[in-house]
file query_16.txt (compact mmCIF, C-alpha atoms)
# COMPACT_ATOMS: atom_id res chain seq x y z
CA MET R 1 32.41 -23.19 29.83
CA ASN R 2 29.21 -25.06 29.01
CA TYR R 3 26.23 -22.76 28.91
CA LYS R 4 22.65 -23.76 29.43
CA PHE R 5 20.29 -22.32 26.84
CA ALA R 6 18.29 -20.78 29.68
CA ASP R 7 21.43 -18.97 30.86
CA ILE R 8 22.14 -17.61 27.39
CA ILE R 9 18.66 -16.18 26.98
CA SER R 10 18.57 -14.81 30.53
CA ASP R 11 20.35 -11.72 29.21
CA THR R 12 17.60 -9.14 28.60
CA LYS R 13 18.75 -8.01 25.15
CA ILE R 14 19.25 -11.58 23.97
CA ARG R 15 15.91 -12.72 25.33
CA GLN R 16 14.03 -9.82 23.74
CA ARG R 17 15.62 -10.51 20.34
CA TRP R 18 15.02 -14.25 20.69
CA GLU R 19 11.34 -13.68 21.49
CA LYS R 20 11.09 -11.29 18.54
CA VAL R 21 12.59 -13.60 15.93
CA ARG R 22 10.99 -16.83 17.10
CA GLN R 23 7.58 -15.44 16.19
CA TYR R 24 8.65 -16.01 12.58
CA PHE R 25 9.54 -19.68 12.90
CA PHE R 26 6.29 -20.43 11.07
CA LEU R 27 7.83 -19.31 7.77
CA ARG R 28 8.07 -22.17 5.25
CA GLU R 29 9.58 -21.16 1.95
CA SER R 30 9.43 -22.27 -1.65
CA THR R 31 10.56 -20.49 -4.83
CA TYR R 32 9.00 -20.02 -8.24
CA ASP R 33 10.31 -19.06 -11.65
CA MET R 34 7.59 -16.75 -12.89
CA THR R 35 8.65 -16.44 -16.52
CA ASN R 36 11.43 -17.38 -18.93
CA ARG R 37 11.72 -13.84 -20.18
CA CYS R 38 13.91 -10.97 -19.09
CA ASN R 39 14.31 -7.40 -20.27
CA ILE R 40 18.10 -7.46 -19.95
CA GLN R 41 20.83 -10.05 -20.34
CA CYS R 42 23.49 -10.17 -17.64
CA GLU R 43 26.85 -11.89 -17.72
CA GLY R 44 26.85 -14.77 -15.24
CA CYS R 45 23.04 -14.81 -14.81
CA TYR R 46 21.96 -17.97 -13.00
CA TYR R 47 18.64 -18.21 -14.72
CA TYR R 48 20.16 -18.81 -18.11
CA GLU R 49 22.43 -21.58 -16.86
CA GLY R 50 21.18 -25.17 -17.03
CA ASP R 51 17.92 -26.30 -18.57
CA LYS R 52 15.32 -24.49 -16.43
CA GLN R 53 15.30 -21.67 -19.01
CA PHE R 54 13.79 -24.12 -21.54
CA ALA R 55 10.72 -24.99 -19.45
CA LYS R 56 7.57 -24.03 -21.33
CA GLU R 57 6.12 -21.00 -19.59
CA ASN R 58 2.67 -21.46 -18.10
CA SER R 59 0.69 -18.28 -18.61
CA GLU R 60 -2.66 -19.52 -17.25
CA LEU R 61 -3.50 -17.48 -14.18
CA SER R 62 -5.88 -20.19 -13.03
CA ALA R 63 -2.99 -22.67 -13.03
CA TRP R 64 -0.88 -20.30 -10.92
CA LYS R 65 -3.76 -19.80 -8.50
CA GLU R 66 -4.26 -23.53 -8.22
CA LEU R 67 -0.54 -24.02 -7.59
CA MET R 68 -0.54 -21.40 -4.83
CA GLN R 69 -3.58 -22.94 -3.20
CA SER R 70 -1.96 -26.36 -3.20
CA GLU R 71 1.26 -24.84 -1.85
CA LYS R 72 -0.66 -23.20 0.95
CA ALA R 73 -2.41 -26.48 1.69
CA ARG R 74 0.91 -28.27 2.12
CA GLY R 75 2.10 -25.62 4.56
CA ILE R 76 4.04 -23.11 2.48
CA THR R 77 3.77 -19.68 4.12
CA PHE R 78 6.41 -17.71 2.21
CA VAL R 79 7.02 -17.49 -1.53
CA VAL R 80 10.07 -16.22 -3.39
CA LEU R 81 9.21 -15.15 -6.92
CA ALA R 82 12.19 -15.08 -9.24
CA GLY R 83 13.48 -16.08 -12.69
CA ALA R 84 13.83 -14.75 -15.12
CA GLU R 85 12.23 -11.31 -14.53
CA PRO R 86 9.00 -11.41 -12.47
CA SER R 87 8.15 -7.74 -13.07
CA LEU R 88 7.26 -8.72 -16.64
CA VAL R 89 4.33 -10.80 -15.33
CA PRO R 90 2.79 -8.72 -12.52
CA GLU R 91 -0.58 -10.45 -12.95
CA ARG R 92 1.01 -13.78 -11.93
CA CYS R 93 2.72 -12.14 -8.95
CA GLU R 94 -0.63 -10.67 -7.94
CA VAL R 95 -2.26 -14.12 -8.01
CA CYS R 96 0.48 -15.45 -5.74
CA TYR R 97 0.07 -12.53 -3.34
CA GLN R 98 -3.67 -13.03 -3.13
CA VAL R 99 -3.20 -16.61 -1.92
CA ILE R 100 0.06 -16.41 0.08
CA PRO R 101 0.54 -12.88 1.43
CA LEU R 102 4.13 -13.23 2.64
CA GLY R 103 6.94 -13.29 0.12
CA ALA R 104 9.70 -11.60 -1.81
CA ILE R 105 10.36 -10.85 -5.45
CA ALA R 106 13.81 -10.84 -7.04
CA THR R 107 13.91 -8.24 -9.80
CA ASN R 108 16.32 -6.09 -11.77
CA GLY R 109 14.18 -3.11 -10.77
CA LEU R 110 13.79 -1.62 -14.24
CA LYS R 111 10.04 -2.08 -14.28
CA CYS R 112 8.01 -1.08 -11.25
CA ILE R 113 6.01 -3.81 -9.58
CA PRO R 114 2.51 -2.61 -8.60
CA LYS R 115 2.13 -1.50 -4.99
CA SER R 116 -0.82 -3.83 -4.58
CA ILE R 117 1.71 -6.70 -4.42
CA ASN R 118 2.99 -6.11 -0.91
CA TYR R 119 5.98 -8.45 -0.99
CA LYS R 120 9.54 -7.46 -0.26
CA ILE R 121 11.25 -6.50 -3.50
CA HIS R 122 14.91 -7.30 -3.95
CA ILE R 123 16.54 -5.14 -6.59
CA SER R 124 19.76 -6.53 -7.96
CA VAL R 125 22.70 -4.15 -8.23
CA TRP R 126 25.97 -5.26 -9.77
CA GLY R 127 27.98 -2.07 -9.61
CA ASN R 128 27.82 1.51 -10.78
CA ASP R 129 26.13 2.54 -14.01
CA GLU R 130 29.28 2.05 -16.05
CA THR R 131 29.70 -1.52 -14.81
CA SER R 132 25.98 -2.27 -15.19
CA TYR R 133 26.07 -1.07 -18.77
CA ARG R 134 29.08 -3.27 -19.47
CA ILE R 135 27.84 -6.50 -17.91
CA ARG R 136 24.05 -6.03 -18.03
CA ASN R 137 23.78 -3.94 -21.16
CA ALA R 138 21.38 -1.51 -19.50
CA LYS R 139 21.92 2.24 -19.38
CA ASN R 140 21.53 4.37 -16.22
CA MET R 141 20.50 1.30 -14.31
CA LEU R 142 20.95 2.55 -10.75
CA SER R 143 19.14 5.83 -11.35
CA ARG R 144 16.25 3.99 -13.01
CA GLN R 145 16.07 1.50 -10.14
CA ILE R 146 16.09 4.32 -7.59
CA GLU R 147 13.46 6.25 -9.51
CA ASN R 148 11.20 3.21 -9.40
CA TYR R 149 11.73 2.25 -5.79
CA HIS R 150 12.99 5.12 -3.60
CA GLY R 151 10.73 5.62 -0.61
CA ASP R 152 9.14 2.23 -1.18
CA ASP R 153 9.28 0.22 2.05
CA ARG R 154 9.10 -3.01 0.04
CA ALA R 155 12.45 -2.35 -1.59
CA VAL R 156 15.86 -3.66 -0.60
CA PHE R 157 18.74 -3.08 -2.99
CA ILE R 158 20.97 -6.14 -3.11
CA TYR R 159 24.56 -5.39 -4.11
CA THR R 160 26.26 -8.48 -5.51
CA PHE R 161 29.99 -8.38 -4.97
CA THR R 162 32.14 -9.74 -7.75
CA PRO R 163 35.94 -9.54 -7.69
CA LYS R 164 35.64 -6.59 -10.06
CA ASN R 165 33.16 -4.27 -8.39
CA ILE R 166 34.32 -4.20 -4.78
CA LYS R 167 35.62 -0.62 -4.68
CA GLU R 168 32.69 0.91 -6.52
CA VAL R 169 30.23 -0.23 -3.83
CA HIS R 170 31.17 2.90 -1.89
CA GLU R 171 29.80 5.27 -4.54
CA VAL R 172 26.73 3.07 -5.06
CA ALA R 173 26.01 2.90 -1.32
CA LYS R 174 26.39 6.67 -1.00
CA VAL R 175 23.84 7.27 -3.76
CA LEU R 176 21.41 4.74 -2.29
CA VAL R 177 21.70 6.21 1.20
CA GLU R 178 21.19 9.73 -0.16
CA ASN R 179 17.96 8.46 -1.66
CA GLN R 180 16.87 6.77 1.58
CA CYS R 181 17.13 3.28 0.10
CA LYS R 182 17.89 0.14 2.10
CA LEU R 183 20.87 -1.95 1.01
CA SER R 184 22.04 -5.48 1.69
CA PHE R 185 24.78 -7.64 0.21
CA ASN R 186 25.15 -10.73 -1.93
CA MET R 187 28.23 -12.57 -3.13
CA PHE R 188 28.73 -13.74 -6.68
CA SER R 189 28.72 -17.54 -6.50
CA SER R 190 29.84 -19.42 -9.57
CA PRO R 191 27.33 -21.38 -11.62
CA VAL R 192 28.29 -25.04 -12.19
CA GLY R 193 31.17 -25.22 -14.66
CA TYR R 194 31.92 -21.50 -14.49
CA SER R 195 35.61 -20.69 -14.61
CA GLY R 196 35.46 -17.01 -15.51
CA ASP R 197 37.01 -14.13 -13.64
CA LEU R 198 33.94 -13.31 -11.54
CA ARG R 199 34.75 -16.26 -9.24
CA HIS R 200 36.02 -15.05 -5.87
CA ASN R 201 39.42 -15.98 -4.44
CA SER R 202 40.92 -15.59 -0.97
CA ASP R 203 42.11 -12.04 -1.68
CA THR R 204 38.79 -10.80 -3.02
CA LEU R 205 36.90 -12.48 -0.17
CA LYS R 206 39.03 -10.62 2.37
CA HIS R 207 38.61 -7.38 0.47
CA VAL R 208 34.83 -7.82 0.42
CA TYR R 209 34.80 -8.63 4.14
CA TYR R 210 36.52 -5.37 5.10
CA THR R 211 34.38 -3.42 2.66
CA MET R 212 31.20 -4.84 4.20
CA ILE R 213 32.38 -3.98 7.72
CA ASP R 214 33.33 -0.44 6.68
CA LEU R 215 29.95 0.16 5.05
CA LEU R 216 28.07 -1.32 7.96
CA ALA R 217 29.84 1.15 10.26
CA ALA R 218 29.27 4.05 7.88
CA TYR R 219 25.56 3.48 7.20
CA PRO R 220 24.07 1.43 10.04
CA GLU R 221 20.59 2.84 9.44
CA HIS R 222 20.48 1.91 5.78
CA ILE R 223 22.48 -1.29 5.51
CA LEU R 224 20.68 -4.47 6.48
CA PHE R 225 23.57 -6.70 7.44
CA SER R 226 25.63 -7.80 10.43
CA HIS R 227 29.20 -8.60 11.30
CA TYR R 228 28.36 -12.29 11.32
CA ASN R 229 26.76 -12.04 7.88
CA ALA R 230 30.07 -10.70 6.62
CA ILE R 231 31.99 -13.54 8.27
CA ALA R 232 29.68 -16.24 6.94
CA HIS R 233 29.55 -14.98 3.38
CA THR R 234 33.22 -14.16 2.86
CA HIS R 235 34.77 -17.19 4.53
CA LEU R 236 37.13 -19.13 2.31
CA PHE R 237 34.85 -22.11 2.77
CA GLY R 238 31.43 -21.72 1.19
CA LEU R 239 28.11 -21.93 3.01
CA HIS R 240 27.59 -25.62 2.33
CA HIS R 241 30.96 -26.48 3.79
CA LEU R 242 30.48 -24.26 6.85
CA TYR R 243 26.85 -25.00 7.70
CA GLY R 244 25.68 -27.96 5.63
CA CYS R 245 23.13 -26.86 3.06
CA SER R 246 19.61 -27.81 4.04
CA TYR R 247 18.03 -27.41 0.58
CA PRO R 248 16.84 -30.66 -1.04
CA ARG R 249 19.54 -30.58 -3.72
CA MET R 250 22.22 -31.20 -1.07
CA ASN R 251 20.08 -32.68 1.69
CA PRO R 252 18.64 -36.17 1.22
CA SER R 253 16.60 -36.03 4.45
CA THR R 254 12.87 -35.53 4.10
CA ASP R 255 12.22 -35.81 7.86
CA ILE R 256 11.74 -32.13 8.64
CA GLY R 257 12.73 -28.63 7.51
CA LEU R 258 13.67 -27.50 4.03
CA GLY R 259 14.55 -31.03 2.92
CA ARG R 260 10.94 -31.91 3.51
CA SER R 261 9.01 -28.83 2.37
CA PHE R 262 11.09 -26.78 -0.05
CA ARG R 263 10.34 -26.87 -3.76
CA GLN R 264 11.73 -24.83 -6.61
CA TYR R 265 9.16 -24.55 -9.39
CA ARG R 266 10.10 -23.78 -12.93
CA ALA R 267 8.03 -21.53 -15.18
CA ASP R 268 6.08 -24.57 -16.42
CA LEU R 269 5.11 -25.29 -12.76
CA SER R 270 7.14 -28.49 -12.60
CA TRP R 271 9.76 -29.17 -9.95
CA ASP R 272 12.55 -31.67 -9.42
CA ARG R 273 13.81 -32.50 -5.94
CA SER R 274 17.29 -33.38 -7.17
CA VAL R 275 17.97 -29.81 -8.31
CA ALA R 276 15.82 -27.89 -5.82
CA CYS R 277 17.58 -25.04 -4.05
CA CYS R 278 17.32 -21.25 -3.85
CA VAL R 279 19.61 -20.59 -6.81
CA PRO R 280 19.75 -23.77 -8.92
CA ASP R 281 22.81 -24.41 -11.07
CA THR R 282 25.12 -22.75 -8.57
CA ASP R 283 28.34 -24.61 -7.83
CA CYS R 284 27.61 -25.71 -4.25
CA ASN R 285 31.30 -25.52 -3.35
CA ASP R 286 31.34 -21.83 -4.23
CA CYS R 287 27.89 -20.93 -2.89
CA ARG R 288 27.81 -17.75 -0.79
CA HIS R 289 24.43 -16.50 -1.97
CA TYR R 290 22.49 -14.26 0.35
CA ALA R 291 19.38 -16.30 -0.38
CA SER R 292 21.13 -19.52 0.52
CA GLY R 293 22.51 -18.15 3.76
CA SER R 294 19.08 -16.89 4.69
CA ALA R 295 17.96 -20.49 4.97
CA VAL R 296 21.17 -22.37 5.67
CA VAL R 297 22.62 -20.22 8.47
CA THR R 298 19.28 -19.46 10.09
CA ALA R 299 18.46 -23.18 10.22
CA ARG R 300 21.53 -23.77 12.41
CA LEU R 301 20.01 -22.47 15.61
CA PHE R 302 21.08 -25.52 17.58
CA ARG R 303 24.79 -25.28 16.86
CA HIS R 304 24.90 -21.55 17.66
CA ALA R 305 23.22 -21.96 21.04
CA THR R 306 26.48 -22.85 22.74
CA ASP R 307 27.50 -19.54 24.28
CA PRO R 308 26.23 -15.94 24.34
CA ASP R 309 28.57 -14.68 21.61
CA HIS R 310 27.65 -17.32 19.04
CA PHE R 311 24.00 -16.97 19.88
CA LYS R 312 24.10 -13.19 19.52
CA ALA R 313 25.84 -13.58 16.16
CA TRP R 314 23.12 -16.00 15.03
CA LEU R 315 20.40 -13.65 16.28
CA ASP R 316 21.95 -10.83 14.24
CA TYR R 317 21.92 -13.07 11.21
CA ILE R 318 18.29 -14.07 11.57
CA ASP R 319 17.31 -10.47 12.41
CA THR R 320 18.97 -9.40 9.15
CA TYR R 321 17.27 -12.19 7.24
CA LEU R 322 13.83 -11.20 8.49
CA ALA R 323 14.40 -7.50 7.80
CA VAL R 324 15.50 -8.25 4.24
CA TRP R 325 12.80 -10.79 3.43
CA VAL R 326 9.67 -10.14 5.46
CA MET R 327 7.38 -7.12 5.10
CA GLY R 328 6.77 -5.34 8.36
CA TYR R 329 9.80 -6.71 10.18
CA GLU R 330 12.06 -3.93 11.45
CA LYS R 331 15.71 -4.72 11.99
CA GLY R 332 17.09 -4.10 15.47
CA ASN R 333 20.58 -2.98 16.39
CA ASN R 334 23.14 -5.70 15.92
CA LEU R 335 23.96 -7.40 19.22
CA CYS R 336 27.38 -8.69 18.23
CA GLU R 337 29.97 -6.23 16.94
CA THR R 338 32.96 -8.53 16.95
CA ALA R 339 34.16 -11.27 14.63
CA ILE R 340 32.71 -14.62 15.69
CA GLU R 341 33.81 -17.76 13.90
CA PRO R 342 31.27 -20.15 12.36
CA PRO R 343 30.82 -23.06 14.82
CA GLY R 344 33.52 -25.65 14.30
CA TYR R 345 35.67 -23.40 12.12
CA GLU R 346 38.29 -20.77 12.63
CA LEU R 347 38.11 -17.20 11.50
CA GLN R 348 39.94 -16.41 8.32
CA GLU R 349 43.35 -14.92 8.81
CA ASP R 350 43.10 -11.11 9.08
CA THR R 351 39.44 -11.13 10.05
CA ARG R 352 40.14 -11.78 13.72
CA ASN R 353 39.31 -8.97 16.12
CA MET K 1 24.11 -48.83 35.84
CA THR K 2 20.74 -47.39 36.75
CA GLN K 3 17.80 -49.61 35.91
CA VAL K 4 15.24 -47.64 33.96
CA THR K 5 11.72 -48.67 34.64
CA THR K 6 8.48 -48.13 32.78
CA MET K 7 7.57 -45.57 35.42
CA ASP K 8 10.70 -43.53 34.61
CA ILE K 9 9.78 -43.46 30.95
CA GLU K 10 6.26 -42.38 31.77
CA LYS K 11 7.61 -39.52 33.89
CA ILE K 12 9.88 -38.40 31.07
CA ILE K 13 7.02 -38.60 28.59
CA LEU K 14 4.85 -36.36 30.76
CA ASN K 15 7.65 -33.86 31.27
CA VAL K 16 8.54 -33.77 27.57
CA ALA K 17 4.88 -33.26 26.74
CA ASN K 18 4.71 -30.42 29.24
CA ILE K 19 7.79 -28.74 27.74
CA ILE K 20 6.41 -29.04 24.21
CA ILE K 21 3.06 -27.59 25.26
CA ASN K 22 4.82 -24.64 26.92
CA GLU K 23 7.30 -23.98 24.15
CA LEU K 24 4.79 -24.23 21.33
CA LYS K 25 2.00 -22.58 23.35
CA LEU K 26 -0.34 -25.43 22.47
CA GLU K 27 -3.90 -25.17 23.64
CA ASP K 28 -6.56 -27.82 24.25
CA VAL K 29 -4.03 -30.44 25.27
CA THR K 30 -2.45 -31.41 28.57
CA PRO K 31 0.60 -33.60 29.27
CA GLU K 32 -1.80 -36.37 30.23
CA THR K 33 -3.89 -36.15 27.06
CA PHE K 34 -1.01 -35.57 24.62
CA ASN K 35 -0.61 -38.77 22.60
CA PRO K 36 3.12 -39.61 22.92
CA ASP K 37 3.10 -41.43 19.57
CA LEU K 38 1.62 -38.53 17.64
CA ASP K 39 3.93 -37.43 14.80
CA LEU K 40 4.80 -33.87 15.76
CA VAL K 41 5.71 -32.91 12.20
CA ASN K 42 2.70 -34.35 10.40
CA SER K 43 0.06 -33.92 13.06
CA VAL K 44 1.12 -30.89 15.10
CA GLY K 45 2.88 -29.08 12.25
CA ILE K 46 6.16 -28.32 14.02
CA ASP K 47 9.20 -27.52 11.91
CA SER K 48 12.94 -27.76 12.36
CA MET K 49 13.27 -24.50 14.31
CA ASP K 50 10.59 -25.56 16.80
CA LEU K 51 12.24 -28.93 17.21
CA ALA K 52 15.65 -27.32 17.70
CA THR K 53 14.17 -25.09 20.41
CA ILE K 54 12.59 -28.08 22.15
CA ALA K 55 15.89 -29.95 21.95
CA LEU K 56 17.70 -27.02 23.59
CA VAL K 57 15.21 -26.89 26.45
CA LEU K 58 15.42 -30.66 26.94
CA ARG K 59 19.21 -30.44 26.92
CA ASP K 60 18.99 -27.98 29.80
CA GLU K 61 16.31 -29.93 31.63
CA TYR K 62 18.13 -33.27 31.65
CA GLY K 63 21.74 -32.13 31.44
CA ILE K 64 22.42 -34.38 28.49
CA ARG K 65 24.26 -33.88 25.24
CA ILE K 66 21.96 -33.94 22.22
CA ASP K 67 23.63 -34.36 18.87
CA GLU K 68 22.61 -32.02 16.08
CA ASP K 69 22.24 -34.97 13.74
CA ASP K 70 19.93 -36.79 16.15
CA TYR K 71 17.15 -34.40 17.11
CA PRO K 72 15.59 -33.98 13.62
CA LYS K 73 14.67 -37.67 13.78
CA LEU K 74 12.99 -37.38 17.17
CA THR K 75 9.58 -36.42 15.89
CA SER K 76 7.31 -37.77 18.62
CA ILE K 77 7.20 -37.41 22.38
CA ARG K 78 7.98 -41.10 22.75
CA LEU K 79 11.03 -40.92 20.49
CA LEU K 80 12.30 -37.88 22.36
CA SER K 81 11.69 -39.56 25.71
CA GLU K 82 13.42 -42.79 24.74
CA TYR K 83 16.37 -40.81 23.45
CA ILE K 84 16.59 -38.90 26.74
CA ASN K 85 16.27 -42.12 28.66
CA LYS K 86 19.14 -43.70 26.79
CA LYS K 87 21.33 -40.64 27.28
CA LEU K 88 20.57 -40.67 31.01
CA MET K 89 21.44 -44.36 31.24
CA ASP K 90 24.70 -43.77 29.31
CA LYS K 91 25.52 -40.92 31.68
CA ASN K 92 25.02 -43.12 34.71
call {"tool": "encode", "arguments": {"input": "query_16.txt", "output": "structure tokens"}}
result
Amino acid sequence: MNYKFADIISDTKIRQRWEKVRQYFFLRESTYDMTNRCNIQCEGCYYYEGDKQFAKENSELSAWKELMQSEKARGITFVVLAGAEPSLVPERCEVCYQVIPLGAIATNGLKCIPKSINYKIHISVWGNDETSYRIRNAKNMLSRQIENYHGDDRAVFIYTFTPKNIKEVHEVAKVLVENQCKLSFNMFSSPVGYSGDLRHNSDTLKHVYYTMIDLLAAYPEHILFSHYNAIAHTHLFGLHHLYGCSYPRMNPSTDIGLGRSFRQYRADLSWDRSVACCVPDTDCNDCRHYASGSAVVTARLFRHATDPDHFKAWLDYIDTYLAVWVMGYEKGNNLCETAIEPPGYELQEDTRN
Amino acid sequence: MTQVTTMDIEKIILNVANIIINELKLEDVTPETFNPDLDLVNSVGIDSMDLATIALVLRDEYGIRIDEDDYPKLTSIRLLSEYINKKLMDKN
């Protein structure tokens, strides 16, 4: 059956969610490496792949302010502060916040970011304390992260699934929920040239899928995710294959959207269109990053507006994205509780309803 | 095949302008005063999500198929209207 868009949004719940999320269509994102330094060294860290780590760090606050003002002038309304560890340079983050008040910071959570910087704060979690000590060389990581950020409405803990830490997410989620922390999920996505054992395979993708669904059912109040998020990020095909990445690195079009406006600045405030994406130096064929999906899946409104089920799945995805990334946005109940295939693709075997 | 006249195009232009004004809640402009050649991205500041929404409403309005690869290039009222016109002619 061919649905009209008007018919799809005539459903009250769908229309209300659509009206809620479309208020945020003004968001235009770019990302910024704030410093070359980090206080830990993690196996498989994206920042220390490629040559961005060698950019000479610009420590002039006036230069950062000028950059933010020029970003604002060209229409950027949302900043993502990352690489290597932004909490080491809070004064630069503060300058960004003063000019562009919507944004998110990706941090390891070991150093508290001042409350005056009212961005979402994404705290990376790679397993329990034993695993974190092994691969990140930091002791008592989860308890230190929780101590810094429990009860902080800026904070979302982002659990990155590798093939090796799937089972231990249950104990980590339990601890986070007990401490009233919000949790969302990321997938390890191989850097270019990476052939180590953190790369996912069909078995680990399936395992992660079921684990995500179980946790979503167990902790719906604390886990910011949806059934469709799980489908999109654990499909055997990566995000670029499924949705067509819209970041400049993979998108030659400068007509409109991310291909036109997105930039990824290095710590020396330079940028290069040919490598610009949310997590540079990722192998695009293996990309299942939460940050990537937040732009790539959400941008595909048109192809999901074919029938109520696909549109509800897309609304859940964008609702999750906004709750994870935008201060003040409260996630609603997921509208779609069943497995919906990405448009044009089939569901993976064993993930069908 | 239906002959499309200048008048048909003008009607489509006015209707497309009206839809854009409603969808984007634009003020201080009417379908009659909206310059159909204005670049909607550079001059009005619309982005891909706005354009996708407009394309969905136009798809409903005219009962035509709009390809996902096509609409991002349709960045003025005239380009949108000519595209619709061609699709209507192909349909007939």
call {"tool": "interface_residues", "arguments": {"input": "query_16.txt", "of": "chain R", "to": "chain K", "cutoff": "12 Å", "atoms": "only C-alpha atoms", "output": "PyMOL selection string"}}
result
chain R and resi 2-9+18-19+21-29+74-76+243-244+246+253-261+295-306+318
call {"tool": "atom_distance", "arguments": {"input": "query_16.txt", "atom1": "atom CA of Ala63 of chain R", "atom2": "atom CA of Asp51 of chain R"}}
result
21.9 Å
call {"tool": "atom_distance", "arguments": {"input": "query_16.txt", "atom1": "atom CA of Ala313 of chain R", "atom2": "atom CA of Pro343 of chain R"}}
result
10.8 Å
call {"tool": "closest_residue", "arguments": {"input": "query_16.txt", "among": "R:Ser274, R:Gln41, R:Asn251, R:Ser189", "to": "Ala138 of chain R", "atoms": "all atoms listed in the file"}}
result
R:Gln41
call {"tool": "residues_around", "arguments": {"input": "query_16.txt", "residues": "segment 278-280 of chain R", "least_positions_apart": "3", "cutoff": "9 Å", "atoms": "all atoms listed in the file", "output": "VMD selection string"}}
result
chain R and resid 30 to 31 46 to 47 49 to 50 52 80 191 247 249 263 to 264 275 283 289 291 to 292 295
call {"tool": "atom_distance", "arguments": {"input": "query_16.txt", "atom1": "atom CA of Ser184 of chain R", "atom2": "atom CA of Ile223 of chain R"}}
result
5.7 Å
call {"tool": "residues_around", "arguments": {"input": "query_16.txt", "residues": "Phe34 of chain K", "least_positions_apart": "5", "cutoff": "10 Å", "atoms": "all atoms listed in the file", "output": "list in words"}}
result
Ile13, Leu14, Ala17, Asn18, Ile20, Ile21, Asp28, Val29 and Ile77 of chain K
call {"tool": "residues_around", "arguments": {"input": "query_16.txt", "residues": "Val177 of chain R", "least_positions_apart": "6", "cutoff": "12 Å", "atoms": "all atoms listed in the file", "output": "list of chain:residue names"}}
result
R:Ile146, R:His150, R:Gly151, R:Val156, R:Phe157, R:Val169, R:His170, R:Glu171, R:Leu183, R:Ser184, R:Leu215, R:Leu216, R:Ala218, R:Tyr219, R:Pro220, R:Glu221, R:His222, R:Ile223, R:Leu224
call {"tool": "closest_residue", "arguments": {"input": "query_16.txt", "among": "R:Phe185, R:Trp271, R:Tyr265, R:Tyr97", "to": "Thr35 of chain R", "atoms": "all atoms listed in the file"}}
result
R:Tyr265
call {"tool": "axis_aligned_box", "arguments": {"input": "query_16.txt", "around": "segment 318-328 of chain R", "padding_each_side": "5 Å", "output": "AutoDock Vina command-line options"}}
result
--center_x 12.9 --center_y -9.7 --center_z 7.9 --size_x 22.2 --size_y 18.7 --size_z 19.0
call {"tool": "closest_residue", "arguments": {"input": "query_16.txt", "among": "K:Leu24, K:Leu38, K:Met89, K:Ile64", "to": "Ile9 of chain K", "atoms": "only C-alpha atoms"}}
result
K:Met89
call {"tool": "residues_around", "arguments": {"input": "query_16.txt", "residues": "Gly328 of chain R", "least_positions_apart": "3", "cutoff": "10 Å", "atoms": "all atoms listed in the file", "output": "compact mmCIF listing (two decimals) with C-alpha atoms, in the coordinates of the input"}}
result
# COMPACT_ATOMS: atom_id res chain seq x y z
CA TYR R 119 5.98 -8.45 -0.99
CA LYS R 120 9.54 -7.46 -0.26
CA ASP R 153 9.28 0.22 2.05
CA ARG R 154 9.10 -3.01 0.04
CA LEU R 322 13.83 -11.20 8.49
CA ALA R 323 14.40 -7.50 7.80
CA TRP R 325 12.80 -10.79 3.43
CA LYS R 331 15.71 -4.72 11.99
call {"tool": "closest_residue", "arguments": {"input": "query_16.txt", "among": "R:Val95, R:Met327, R:Val125, R:Val79", "to": "Cys42 of chain R", "atoms": "all atoms listed in the file"}}
result
R:Val125
call {"tool": "decode", "arguments": {"input": "query_16.txt", "residues": "segment 33-57 of chain K", "atoms": "C-alpha atoms", "output": "PDB file, in the first residue's frame"}}
result
ATOM      1  CA  THR K  33       5.540  38.082  -3.435  1.00  0.00           C
ATOM      2  CA  PHE K  34       7.789  35.038  -2.987  1.00  0.00           C
ATOM      3  CA  ASN K  35      10.501  35.252  -5.646  1.00  0.00           C
ATOM      4  CA  PRO K  36      10.403  31.827  -7.362  1.00  0.00           C
ATOM      5  CA  ASP K  37      14.073  32.081  -8.320  1.00  0.00           C
ATOM      6  CA  LEU K  38      15.275  32.788  -4.803  1.00  0.00           C
ATOM      7  CA  ASP K  39      17.792  30.165  -3.640  1.00  0.00           C
ATOM      8  CA  LEU K  40      16.034  28.568  -0.677  1.00  0.00           C
ATOM      9  CA  VAL K  41      19.278  27.306   0.837  1.00  0.00           C
ATOM     10  CA  ASN K  42      21.360  30.465   0.555  1.00  0.00           C
ATOM     11  CA  SER K  43      18.656  33.075   0.961  1.00  0.00           C
ATOM     12  CA  VAL K  44      15.977  31.466   3.125  1.00  0.00           C
ATOM     13  CA  GLY K  45      18.331  29.212   5.086  1.00  0.00           C
ATOM     14  CA  ILE K  46      16.451  25.942   4.672  1.00  0.00           C
ATOM     15  CA  ASP K  47      18.329  22.697   5.212  1.00  0.00           C
ATOM     16  CA  SER K  48      17.964  19.129   4.039  1.00  0.00           C
ATOM     17  CA  MET K  49      15.314  18.187   6.608  1.00  0.00           C
ATOM     18  CA  ASP K  50      13.129  21.146   5.651  1.00  0.00           C
ATOM     19  CA  LEU K  51      13.513  20.309   1.988  1.00  0.00           C
ATOM     20  CA  ALA K  52      12.679  16.651   2.634  1.00  0.00           C
ATOM     21  CA  THR K  53       9.522  17.724   4.469  1.00  0.00           C
ATOM     22  CA  ILE K  54       8.514  20.012   1.598  1.00  0.00           C
ATOM     23  CA  ALA K  55       9.158  17.199  -0.880  1.00  0.00           C
ATOM     24  CA  LEU K  56       6.892  14.867   1.120  1.00  0.00           C
ATOM     25  CA  VAL K  57       4.065  17.409   1.159  1.00  0.00           C
TER      26      VAL K  57
END
